[in-house]
Amino acid sequence: MEGVTAGNTSLSKVDGVAGKLYYCGIPIEPLAEQATFEECCYLLWHGELPNERKLENFKKELAEHRSLPPQIWEVLAPLAGRQPLMDLVRTGVSALSAWDTDTQITLSDKEEHRRANLRMSRRMLAGMGTLVAGCFRLSRGKQPVEPRDDLSHAANFLYMVFNKEQGEYEERIFDAALTLHADHGFNASTFSGRVTSATESDVYAAVTAAVGTLAGRLHGGANTAVMRMLEEIGDVDHCEAFVGKILDDPKGRIMGFGHRVYKVEDPRATVLRRMAKELTDRTGNSRWFEMSRKIEDTVKAKKGLVPNVDFYSASVYGSLGLDPELYTPIFAVSRVSGWLAHVMEQHGDNRLIRPKANYVGRDLDRAFTPLAER
């Protein structure tokens with residue numbers, strides 16, 4: 001389906017030629033730099049930015065739903081360490097549906113179903129950070145940290161991962177990263193979620209499908225691969241030789257460069273590069289950023305390729321001290337806001353998504369041979 005228009009959306013617009021991304025018509029740059037992730041989520045769900053009263057109510061609703069049923073950890077604890085982290089998160093999302101009675105409300109009553117979708121979406125958005133942080137800690141042999149209701153969505157996630165509050169600047173950088181990843185048109189995981197929801201499956205089924213799709217190496221795993229590459233290179237002085245050796249191979253590829261949609265630089269990478277520089281200046285932890293800049297310059301010179309959002313999200317997350325195994329699950333903490341918006345949009349005017357296939361098999365009307373004659 002490359003290049004095929006599969007449906008309509010009012011949520012985000014990706015202009016690959018101009019290198020622009022819009023949420024509900026608003027450019028991504030001011031949203032990431034001046035708004036909060038909660039404002040971004042409200043925008044995607046309601047089409048307008050909230051005023052102060054609506055924002056405070058929305059933040060309060062999310063804070064009230066951050067805690068997960070304690071039984072969910074009993075389900076996941078025996079699996080921790082036996083599954084990759086994203087698979088554990090996927091299992092957790094599916095299991096959470098057992099504690100949500102709104103899954104039983106059908107599309108037959110459209111208004112009640114709309115309200116139920118909003119309620120489930122609030123629980124899912126609020127709980128995804130708790131789920132990801134808890135799964136990560138379980139996979140490291142630690143107990144999940146109970147969320148707090150006095151922190152922002154970004155600050156609370158960092159608190160649950162590290163079991164201590166991080167600085168205001170670290171919170172702001174991470175908050176912006178969440179906004180930059182919130183939605184991106186009909187990408188693979190979003191489309192997977194929409195296909196699932198179009199069958200009239202519930203929010204949890206759609207998000208489970210989306211998480212499973214995001215887990216694939218060609219979709220959500222690129223930023224982890226970038227960080228592993230930085231770790232392997234080890235020092236800025238080794239970057240040029242390392243990149244050159246890979247690119248001398250006709251099949252060699254540096255993760256974090258190029259994009260299926262953008263023909264120029266990914267606007268999210270532009271914002272993250274600037275934020276990574278600011279973070280470096282404030283923390284003095286310049287290693288990952290300096291290496292990233294050297295790799296970027298080398299790839300541009302040799303191949304003319306520009307970075308995408310995965311490339312600089314790796315150095316930002318690395319400078320924040322986040323484990324590389326968390327990078328793709330963090331993608332889900334952010335992108336779930338967009339997935340949920342797409343589920344609600346799909347259910348608002350639903351039609352089963354059923355594309356055609358181009359048959360390329362054996363000749364038609366082949367003769368059938370009975371079993372005894374084969």
# chains A, B, ... in the order shown; residues from 1 in each chain; ligands from 1

$ residues_around --residues "Gln166 (chain A)" --least-positions-apart "6" --cutoff "9 Å" --atoms "only C-alpha atoms" --output "list of chain:residue names"
A:Ala155, A:Leu158, A:Tyr159

$ write_last_selection --atoms "N, CA and C atoms" --output "short mmCIF file (atom, residue, chain, number, x, y, z; two decimals), in the first residue's frame"
data_model
loop_
_atom_site.label_atom_id
_atom_site.label_comp_id
_atom_site.auth_asym_id
_atom_site.auth_seq_id
_atom_site.Cartn_x
_atom_site.Cartn_y
_atom_site.Cartn_z
N ALA A 155 7.01 14.11 34.01
CA ALA A 155 7.76 14.01 35.27
C ALA A 155 7.40 12.74 36.01
N LEU A 158 9.28 9.70 34.49
CA LEU A 158 10.69 9.67 34.91
C LEU A 158 10.81 9.27 36.37
N TYR A 159 9.89 9.75 37.19
CA TYR A 159 9.91 9.39 38.61
C TYR A 159 9.71 7.89 38.79
#

$ residues_around --residues "Ser94 (chain A)" --least-positions-apart "4" --cutoff "9 Å" --atoms "only C-alpha atoms" --output "list in words"
Val89, Arg90, Ala98, Tyr204, Ala205, Val207 and Thr208 of chain A

$ write_last_selection --atoms "C-alpha atoms" --output "PDB file, in the first residue's frame"
ATOM      1  CA  VAL A  89       3.921  -4.145  27.514  1.00  0.00           C
ATOM      2  CA  ARG A  90       1.720  -5.615  24.792  1.00  0.00           C
ATOM      3  CA  ALA A  98     -10.197  -7.306  32.103  1.00  0.00           C
ATOM      4  CA  TYR A 204      -7.590  -2.159  24.296  1.00  0.00           C
ATOM      5  CA  ALA A 205      -7.651  -4.445  21.260  1.00  0.00           C
ATOM      6  CA  VAL A 207      -3.812  -0.422  21.235  1.00  0.00           C
ATOM      7  CA  THR A 208      -2.595  -4.015  21.656  1.00  0.00           C
TER       8      THR A 208
END

$ closest_residue --among "A:Asp87, A:Asp266, A:Glu296, A:Asp183" --to "Gly216 (chain A)" --atoms "only C-alpha atoms"
A:Asp87

$ residues_around --residues "Arg253 (chain A)" --least-positions-apart "2" --cutoff "12 Å" --atoms "only C-alpha atoms" --output "PyMOL selection string"
chain A and resi 222+225-226+229+242-251+255-258+299+302-303+305

$ residues_around --residues "Phe191 (chain A)" --least-positions-apart "4" --cutoff "10 Å" --atoms "only C-alpha atoms" --output "VMD selection string"
chain A and resid 6 to 7 185 to 187 195 to 197 206 209 to 210 213 339 342 to 343 353

$ closest_residue --among "A:Arg140, A:Tyr42, A:Val145, A:Lys59" --to "Arg82 (chain A)" --atoms "only C-alpha atoms"
A:Arg140
